[in-house]
Amino acid sequence: MAKIIIPSRLGNNFASGINAFYSILDQINNVAPEEPLIFDFSNCYFLGPFFLLPLKLLLEREAQYRQVTIIPPDSNSNFGNYYGIIRYPEGLYHENELAENLNTFRFKTYTPIVCFPASRLGNEPQLRDSCLTIVNSILKHQTGLSGGMLTGLMYLIDEAVNNIVDHSDSLRGYLFAQYYPSKSYLDLCIADNGLGILKNYLRSGYTIYHSDKEALVAAISGVSTKNRPEAEGRGFGIQTSKKMLVDGLKGKYFLQTGRAIAFKTIDNEQVVEIPEPLGFQGTFLALRIPNIGNNNFDPSDYYS
Amino acid sequence: MLTTNPSIAAILSNELHTRDQADLLFSMIESDFPACNHFVLDFSEVQYMSRSFADQFHKLKLAWSKQKETSIIAENLAPQCLDMLRAVAQTQKVNNRTSADIPVYSFSNPQKLFELLQSI
C-alpha cells in the first residue's frame with residue numbers, strides 16, 4: 001500500500017498547482033499498478049483549483065483500477081471546512097443542489113466542485129444551462145464583476161464548457177474556481193475525463209495527427225472536427241479564448257490533453273510534449289484571470 | 001404573411017450559453033407557430049449570448065430562410081449580443097482562420113518541465 005502525501009500548501013505561482021499535480025502523477029508512476037493507494041490530506045492548509053480539480057479526476061480514475069483510500073483533513077481545521085464546503089472530492093452533481101447552496105457560495109471566494117452534465121441527451125442541455133447560470137451568478141457576486149469584464153469571464157467559461165460538450169464524449173465536465181481578492185485574480189479550472197483532442201480528431205477522420213502534441217497544435221490553430229461545409233464557423237473557441245485572456249486581460253492560459261500542454265502568457269507561448277507519466281486523460285484547462293475589478297474591458301475586440 | 005413576436009428571455013433565459021438553447025428555440029417556435037413564416041424574436045431581456053448560441057442561431061436562421069422561406073428577425077439586441085452575432089457571421093468561412101505559429105518543444109525529464117512551468 002503506497003501513501004501519497006498531499007502537499008500542505010501551494011505557492012501563488014500560476015503553475016504551482018499544476019506542478020504539484022504532476023508530482024503526484026510522478027509518484028503514482030513509481031507504484032505497482034495494482035497496489036492500493038492512500039491519499040493523505042491530513043496536513044493540508046491551502047490548495048487551489050489547478051491542483052484539486054485534476055486530482056479529483058485522477059482519484060476517480062485510479063479508483064477504477066485499484067483500491068483508493070482518502071484520509072480527509074480534520075473537519076475542524078480551515079482546510080477541512082473548505083474541503084467539506086466545496087464537496088471534495090465528489091463535487092456537486094445536481095443543479096438543484098447548486099441552486100440550494102447558491103447563497104452559501106455567493107459569500108465565499110470559491111465555487112464548489114461543479115460536475116455539470118456534458119451530453120446532449122434528454123434534459124441535460126437545460127440542466128447544464130441552469131448550472132452555468134448559477135455559476136455565473138456566484139462568480140458575479142463574489143467578484144463584483146459587471147459589464148465587459150463579466151461578459152469576458154462568461155465567454156471563457158462557455159467556450160471551455162461547450163468544447164467539452166462538443167468534443168469530449170464525456171458524461172460530465174468539471175468546473176472549480178477560486179477568487180483571490182487581495183491579489184485581484186480568479187483561478188478557473190475546467191476539465192473532463194473524456195476522449196482528449198487527439199482521439200476526437202481520429203474518430204472524426206483526421207488521421208494526419210499522430211500525437212497529442214500535433215493534435216493540440218491543430219486545435220489551437222482552429223482546425224475543428226466540425227469543419228464540414230455545413231458546419232463552418234466552429235473551431236474558434238481556443239484561439240479567441242487565449243487571445244481574450246492573454247492579449248486582452250493579460251492573464252495566463254494553460255491547456256493539457258494527453259501528453260501535450262499548451263500555455264500562453266503575455267511574453268511566452270509554447271506547445272510542449274511532456275513525459276508519459278504526466279499525461280492526463282481528457283482535457284485540463286487552467287486560466288488565471290487578473291485585473292478583477294477592472295470593468296472597462298471590451299471582450300468584443302476578441303470575438304474573431 | 002403570418003408574424004409573431006416571442007420573447008427569448010421568457011422562452012429560454014436571459015443568459016444564452018449553448019447551441020442546444022438555439023436548437024430548442026427553433027424547435028419550440030416551429031411547433032408553437034407552425035403556420036408562421038415571419039418571426040420577430042425579442043431579445044430585449046437577454047443580457048448575455050455565448051459564441052456557441054450565436055453560431056447555432058446564425059446557422060438555423062440562414063437554413064430556415066433558404067429551406068423554409070421563413071424570415072427570422074432578432075430585435076432589441078443588447079450590444080454584447082449584437083457584437084457576438086456579427087462576429088459569428090464574419091467567421092463562418094474556414095479560410096478566415098489564422099494558423100498558429102507556436103514553438104513546439106518536448107520534455108522527457110519531469111524536473112525540467114517543472115522548471116519551465118514554474119517560470120511562466
# chains A, B, ... in the order shown; residues from 1 in each chain; ligands from 1

call {"tool": "closest_atom_pairs", "arguments": {"of": "chain A", "to": "chain B", "cutoff": "6 Å", "atoms": "only C-alpha atoms", "output": "tab-separated table"}}
result
residue	atom	partner	partner_atom	distance
A:Ala15	CA	B:Gln118	CA	5.6
A:Asn19	CA	B:Phe114	CA	5.8
A:Ser221	CA	B:Ala100	CA	4.8
A:Glu232	CA	B:Gln92	CA	5.1
A:Gly233	CA	B:Gln92	CA	3.8
A:Gln270	CA	B:Pro103	CA	5.2
A:Val271	CA	B:Val104	CA	4.7
A:Val272	CA	B:Tyr105	CA	4.7
A:Glu273	CA	B:Ser106	CA	4.4
A:Ile274	CA	B:Phe107	CA	5.1
A:Pro275	CA	B:Ser108	CA	4.8
A:Tyr303	CA	B:Ala87	CA	5.9
A:Ser304	CA	B:Ala87	CA	5.8

call {"tool": "residues_around", "arguments": {"residues": "A:Ile5", "least_positions_apart": "2", "cutoff": "9 Å", "atoms": "only C-alpha atoms", "output": "list in words"}}
result
Lys3, Pro7, Ser8, Ile24, Ile38, Phe39, Asp40, Phe41, Ser42 and Asn43 of chain A

call {"tool": "closest_residue", "arguments": {"among": "A:Asn30, A:Asn96, A:Gln239, A:Ser16", "to": "A:Ala286", "atoms": "only C-alpha atoms"}}
result
A:Ser16

call {"tool": "closest_residue", "arguments": {"among": "A:Leu255, A:Met244, A:Met1, A:Leu53", "to": "A:Gly152", "atoms": "only C-alpha atoms"}}
result
A:Met244

call {"tool": "residues_around", "arguments": {"residues": "stretch 112-119 of chain A", "least_positions_apart": "2", "cutoff": "6 Å", "atoms": "only C-alpha atoms", "output": "list of chain:residue names"}}
result
A:Ile86, A:Gly91, A:Leu92, A:Tyr93, A:Leu121, A:Glu124, A:Arg128, A:Val165, A:Leu171, A:Arg172, A:Gly173, A:Tyr174, A:Leu175, A:Phe176

call {"tool": "residues_around", "arguments": {"residues": "A:Phe280", "least_positions_apart": "2", "cutoff": "12 Å", "atoms": "only C-alpha atoms", "output": "ChimeraX atom specification"}}
result
/A:18,21-22,25-26,54-55,57-58,61,191-197,212,255-261,273-278,282-285

call {"tool": "select_by_dssp", "arguments": {"residues": "stretch 59-196 of chain A", "states": "strand (DSSP E or B)", "output": "list in words"}}
result
Val68, Thr69, Ile70, Ile71, Leu92, Tyr110, Val114, Cys115, Phe116, Pro117, Arg172, Gly173, Tyr174, Leu175, Phe176, Ala177, Gln178, Tyr179, Tyr180, Tyr185, Leu186, Asp187, Leu188, Cys189, Ile190, Ala191 and Asp192 of chain A

call {"tool": "write_last_selection", "arguments": {"atoms": "N, CA, C and O atoms", "output": "JSON list (two decimals), in the first residue's frame"}}
result
[["chain", "number", "residue", "atom", "x", "y", "z"],
["A", 68, "VAL", "N", -8.49, 2.71, -3.55],
["A", 68, "VAL", "CA", -8.03, 4.06, -3.23],
["A", 68, "VAL", "C", -8.67, 4.48, -1.92],
["A", 68, "VAL", "O", -9.89, 4.41, -1.76],
["A", 69, "THR", "N", -7.85, 4.90, -1.00],
["A", 69, "THR", "CA", -8.35, 5.37, 0.30],
["A", 69, "THR", "C", -7.95, 6.83, 0.47],
["A", 69, "THR", "O", -6.82, 7.21, 0.14],
["A", 70, "ILE", "N", -8.88, 7.62, 0.96],
["A", 70, "ILE", "CA", -8.59, 9.04, 1.18],
["A", 70, "ILE", "C", -8.61, 9.31, 2.68],
["A", 70, "ILE", "O", -9.58, 8.98, 3.36],
["A", 71, "ILE", "N", -7.54, 9.89, 3.17],
["A", 71, "ILE", "CA", -7.53, 10.38, 4.56],
["A", 71, "ILE", "C", -7.88, 11.85, 4.49],
["A", 71, "ILE", "O", -7.09, 12.67, 3.99],
["A", 92, "LEU", "N", -20.51, 18.70, -6.58],
["A", 92, "LEU", "CA", -21.96, 18.83, -6.67],
["A", 92, "LEU", "C", -22.42, 18.38, -8.04],
["A", 92, "LEU", "O", -21.99, 18.91, -9.05],
["A", 110, "TYR", "N", -14.92, 31.13, -3.46],
["A", 110, "TYR", "CA", -14.70, 29.96, -4.31],
["A", 110, "TYR", "C", -16.04, 29.33, -4.66],
["A", 110, "TYR", "O", -17.04, 29.53, -3.96],
["A", 114, "VAL", "N", -18.05, 21.81, -9.36],
["A", 114, "VAL", "CA", -19.31, 21.69, -10.10],
["A", 114, "VAL", "C", -19.15, 20.60, -11.16],
["A", 114, "VAL", "O", -18.25, 20.67, -12.00],
["A", 115, "CYS", "N", -20.00, 19.57, -11.09],
["A", 115, "CYS", "CA", -19.95, 18.47, -12.05],
["A", 115, "CYS", "C", -21.15, 18.62, -12.97],
["A", 115, "CYS", "O", -22.26, 18.21, -12.63],
["A", 116, "PHE", "N", -20.93, 19.27, -14.11],
["A", 116, "PHE", "CA", -22.09, 19.61, -14.96],
["A", 116, "PHE", "C", -22.31, 18.52, -16.03],
["A", 116, "PHE", "O", -21.35, 17.87, -16.48],
["A", 117, "PRO", "N", -23.56, 18.34, -16.44],
["A", 117, "PRO", "CA", -23.83, 17.33, -17.47],
["A", 117, "PRO", "C", -23.20, 17.75, -18.79],
["A", 117, "PRO", "O", -23.28, 18.92, -19.18],
["A", 172, "ARG", "N", -19.74, 13.93, -18.00],
["A", 172, "ARG", "CA", -19.67, 15.10, -17.11],
["A", 172, "ARG", "C", -18.47, 15.96, -17.44],
["A", 172, "ARG", "O", -17.44, 15.47, -17.91],
["A", 173, "GLY", "N", -18.61, 17.24, -17.18],
["A", 173, "GLY", "CA", -17.48, 18.14, -17.17],
["A", 173, "GLY", "C", -17.37, 18.70, -15.76],
["A", 173, "GLY", "O", -18.32, 18.60, -14.97],
["A", 174, "TYR", "N", -16.23, 19.28, -15.44],
["A", 174, "TYR", "CA", -15.98, 19.71, -14.06],
["A", 174, "TYR", "C", -15.43, 21.12, -14.04],
["A", 174, "TYR", "O", -14.56, 21.47, -14.87],
["A", 175, "LEU", "N", -15.92, 21.91, -13.12],
["A", 175, "LEU", "CA", -15.50, 23.32, -13.02],
["A", 175, "LEU", "C", -15.23, 23.65, -11.56],
["A", 175, "LEU", "O", -15.98, 23.22, -10.67],
["A", 176, "PHE", "N", -14.19, 24.41, -11.35],
["A", 176, "PHE", "CA", -13.85, 24.82, -9.99],
["A", 176, "PHE", "C", -13.11, 26.15, -10.08],
["A", 176, "PHE", "O", -12.19, 26.28, -10.90],
["A", 177, "ALA", "N", -13.52, 27.12, -9.30],
["A", 177, "ALA", "CA", -12.88, 28.45, -9.37],
["A", 177, "ALA", "C", -12.60, 28.98, -7.97],
["A", 177, "ALA", "O", -13.32, 28.69, -7.01],
["A", 178, "GLN", "N", -11.54, 29.74, -7.88],
["A", 178, "GLN", "CA", -11.16, 30.38, -6.61],
["A", 178, "GLN", "C", -10.78, 31.82, -6.91],
["A", 178, "GLN", "O", -9.95, 32.09, -7.79],
["A", 179, "TYR", "N", -11.40, 32.72, -6.19],
["A", 179, "TYR", "CA", -11.11, 34.15, -6.34],
["A", 179, "TYR", "C", -10.18, 34.58, -5.21],
["A", 179, "TYR", "O", -10.39, 34.22, -4.06],
["A", 180, "TYR", "N", -9.16, 35.35, -5.56],
["A", 180, "TYR", "CA", -8.19, 35.85, -4.58],
["A", 180, "TYR", "C", -8.35, 37.37, -4.51],
["A", 180, "TYR", "O", -7.70, 38.09, -5.28],
["A", 185, "TYR", "N", -7.14, 38.40, -8.67],
["A", 185, "TYR", "CA", -7.27, 37.46, -9.78],
["A", 185, "TYR", "C", -8.16, 36.28, -9.40],
["A", 185, "TYR", "O", -8.39, 36.00, -8.22],
["A", 186, "LEU", "N", -8.65, 35.64, -10.45],
["A", 186, "LEU", "CA", -9.52, 34.48, -10.32],
["A", 186, "LEU", "C", -8.84, 33.31, -11.02],
["A", 186, "LEU", "O", -8.41, 33.44, -12.16],
["A", 187, "ASP", "N", -8.71, 32.19, -10.32],
["A", 187, "ASP", "CA", -8.20, 30.97, -10.95],
["A", 187, "ASP", "C", -9.40, 30.10, -11.30],
["A", 187, "ASP", "O", -10.20, 29.75, -10.42],
["A", 188, "LEU", "N", -9.48, 29.76, -12.57],
["A", 188, "LEU", "CA", -10.61, 28.98, -13.07],
["A", 188, "LEU", "C", -10.09, 27.70, -13.72],
["A", 188, "LEU", "O", -9.21, 27.77, -14.58],
["A", 189, "CYS", "N", -10.61, 26.58, -13.28],
["A", 189, "CYS", "CA", -10.18, 25.30, -13.84],
["A", 189, "CYS", "C", -11.40, 24.55, -14.36],
["A", 189, "CYS", "O", -12.41, 24.43, -13.66],
["A", 190, "ILE", "N", -11.31, 24.08, -15.60],
["A", 190, "ILE", "CA", -12.39, 23.32, -16.22],
["A", 190, "ILE", "C", -11.77, 22.08, -16.85],
["A", 190, "ILE", "O", -10.77, 22.19, -17.57],
["A", 191, "ALA", "N", -12.33, 20.93, -16.57],
["A", 191, "ALA", "CA", -11.68, 19.69, -17.04],
["A", 191, "ALA", "C", -12.72, 18.63, -17.37],
["A", 191, "ALA", "O", -13.89, 18.74, -17.00],
["A", 192, "ASP", "N", -12.25, 17.62, -18.08],
["A", 192, "ASP", "CA", -13.10, 16.45, -18.34],
["A", 192, "ASP", "C", -12.20, 15.22, -18.42],
["A", 192, "ASP", "O", -10.98, 15.35, -18.59]]

call {"tool": "select_by_dssp", "arguments": {"residues": "stretch 57-268 of chain A", "states": "alpha helix (DSSP H)", "output": "PyMOL selection string"}}
result
chain A and resi 57-65+78-85+95-100+102-106+124-143+147-167+197-203+212-220+237-242

call {"tool": "residues_around", "arguments": {"residues": "stretch 198-201 of chain A", "least_positions_apart": "3", "cutoff": "9 Å", "atoms": "only C-alpha atoms", "output": "list in words"}}
result
His167, Ser168, Asp169, Leu195, Ser204, Gly205, Tyr206, Thr207, Tyr209, His210, Ser211, Asp212, Lys213, Glu214, Ala215, Leu216, Ser224, Thr225, Thr257 and Gly258 of chain A

call {"tool": "atom_distance", "arguments": {"atom1": "atom CA of A:Pro290", "atom2": "atom CA of A:Ile6"}}
result
27.3 Å

call {"tool": "decode", "arguments": {"residues": "stretch 5-42 of chain B", "atoms": "N, CA and C atoms", "output": "short mmCIF file (atom, residue, chain, number, x, y, z; two decimals), in the first residue's frame"}}
result
data_model
loop_
_atom_site.label_atom_id
_atom_site.label_comp_id
_atom_site.auth_asym_id
_atom_site.auth_seq_id
_atom_site.Cartn_x
_atom_site.Cartn_y
_atom_site.Cartn_z
N ASN B 5 -44.07 37.42 -32.39
CA ASN B 5 -43.02 38.20 -31.74
C ASN B 5 -42.73 37.67 -30.33
N PRO B 6 -42.21 36.45 -30.21
CA PRO B 6 -41.98 35.89 -28.87
C PRO B 6 -40.76 36.51 -28.16
N SER B 7 -40.83 36.47 -26.83
CA SER B 7 -39.70 36.98 -26.02
C SER B 7 -38.73 35.83 -25.72
N ILE B 8 -37.50 36.03 -26.10
CA ILE B 8 -36.49 34.96 -25.92
C ILE B 8 -36.21 34.71 -24.44
N ALA B 9 -36.14 35.77 -23.66
CA ALA B 9 -35.85 35.59 -22.23
C ALA B 9 -36.96 34.78 -21.56
N ALA B 10 -38.21 35.01 -22.00
CA ALA B 10 -39.32 34.27 -21.41
C ALA B 10 -39.28 32.81 -21.85
N ILE B 11 -38.92 32.57 -23.08
CA ILE B 11 -38.90 31.20 -23.60
C ILE B 11 -37.70 30.43 -23.05
N LEU B 12 -36.52 31.08 -23.03
CA LEU B 12 -35.29 30.37 -22.65
C LEU B 12 -34.74 30.89 -21.34
N SER B 13 -34.04 31.99 -21.41
CA SER B 13 -33.36 32.53 -20.23
C SER B 13 -32.78 33.88 -20.62
N ASN B 14 -32.35 34.66 -19.66
CA ASN B 14 -31.68 35.91 -20.04
C ASN B 14 -30.18 35.72 -20.27
N GLU B 15 -29.70 34.47 -20.09
CA GLU B 15 -28.32 34.12 -20.47
C GLU B 15 -28.41 32.96 -21.45
N LEU B 16 -27.81 33.11 -22.61
CA LEU B 16 -27.89 32.08 -23.65
C LEU B 16 -26.50 31.46 -23.80
N HIS B 17 -26.33 30.26 -23.26
CA HIS B 17 -24.99 29.68 -23.17
C HIS B 17 -24.64 28.71 -24.29
N THR B 18 -25.60 27.94 -24.76
CA THR B 18 -25.22 26.76 -25.56
C THR B 18 -25.95 26.67 -26.90
N ARG B 19 -25.40 25.85 -27.78
CA ARG B 19 -26.05 25.55 -29.07
C ARG B 19 -27.41 24.93 -28.84
N ASP B 20 -27.49 24.14 -27.78
CA ASP B 20 -28.75 23.43 -27.52
C ASP B 20 -29.90 24.40 -27.29
N GLN B 21 -29.59 25.55 -26.68
CA GLN B 21 -30.66 26.53 -26.46
C GLN B 21 -31.17 27.09 -27.79
N ALA B 22 -30.25 27.28 -28.75
CA ALA B 22 -30.69 27.75 -30.07
C ALA B 22 -31.54 26.68 -30.75
N ASP B 23 -31.08 25.42 -30.66
CA ASP B 23 -31.87 24.32 -31.24
C ASP B 23 -33.27 24.28 -30.61
N LEU B 24 -33.27 24.41 -29.27
CA LEU B 24 -34.55 24.36 -28.54
C LEU B 24 -35.46 25.51 -28.98
N LEU B 25 -34.88 26.69 -29.11
CA LEU B 25 -35.67 27.86 -29.51
C LEU B 25 -36.36 27.61 -30.86
N PHE B 26 -35.59 27.13 -31.83
CA PHE B 26 -36.17 26.94 -33.16
C PHE B 26 -37.20 25.80 -33.17
N SER B 27 -36.94 24.76 -32.39
CA SER B 27 -37.94 23.68 -32.38
C SER B 27 -39.20 24.14 -31.66
N MET B 28 -39.06 25.00 -30.65
CA MET B 28 -40.25 25.50 -29.95
C MET B 28 -41.09 26.41 -30.83
N ILE B 29 -40.41 27.32 -31.51
CA ILE B 29 -41.22 28.24 -32.33
C ILE B 29 -41.84 27.51 -33.52
N GLU B 30 -41.15 26.49 -33.97
CA GLU B 30 -41.71 25.70 -35.08
C GLU B 30 -42.97 24.96 -34.64
N SER B 31 -42.91 24.40 -33.44
CA SER B 31 -44.10 23.64 -33.01
C SER B 31 -45.21 24.56 -32.49
N ASP B 32 -44.83 25.68 -31.89
CA ASP B 32 -45.86 26.58 -31.35
C ASP B 32 -46.53 27.44 -32.43
N PHE B 33 -45.78 27.74 -33.48
CA PHE B 33 -46.32 28.63 -34.53
C PHE B 33 -46.10 27.98 -35.91
N PRO B 34 -46.76 26.86 -36.17
CA PRO B 34 -46.47 26.10 -37.39
C PRO B 34 -46.80 26.85 -38.67
N ALA B 35 -47.76 27.77 -38.62
CA ALA B 35 -48.17 28.45 -39.86
C ALA B 35 -47.40 29.75 -40.08
N CYS B 36 -46.59 30.10 -39.14
CA CYS B 36 -45.93 31.41 -39.21
C CYS B 36 -44.69 31.36 -40.10
N ASN B 37 -44.49 32.37 -40.91
CA ASN B 37 -43.29 32.41 -41.76
C ASN B 37 -42.49 33.70 -41.58
N HIS B 38 -42.82 34.44 -40.54
CA HIS B 38 -42.05 35.65 -40.24
C HIS B 38 -41.99 35.84 -38.72
N PHE B 39 -40.81 35.66 -38.17
CA PHE B 39 -40.65 35.76 -36.72
C PHE B 39 -39.81 36.98 -36.37
N VAL B 40 -40.30 37.75 -35.44
CA VAL B 40 -39.50 38.84 -34.87
C VAL B 40 -39.21 38.42 -33.43
N LEU B 41 -38.00 37.99 -33.19
CA LEU B 41 -37.65 37.46 -31.87
C LEU B 41 -37.15 38.59 -30.98
N ASP B 42 -37.79 38.72 -29.85
CA ASP B 42 -37.49 39.85 -28.95
C ASP B 42 -36.41 39.45 -27.94
#
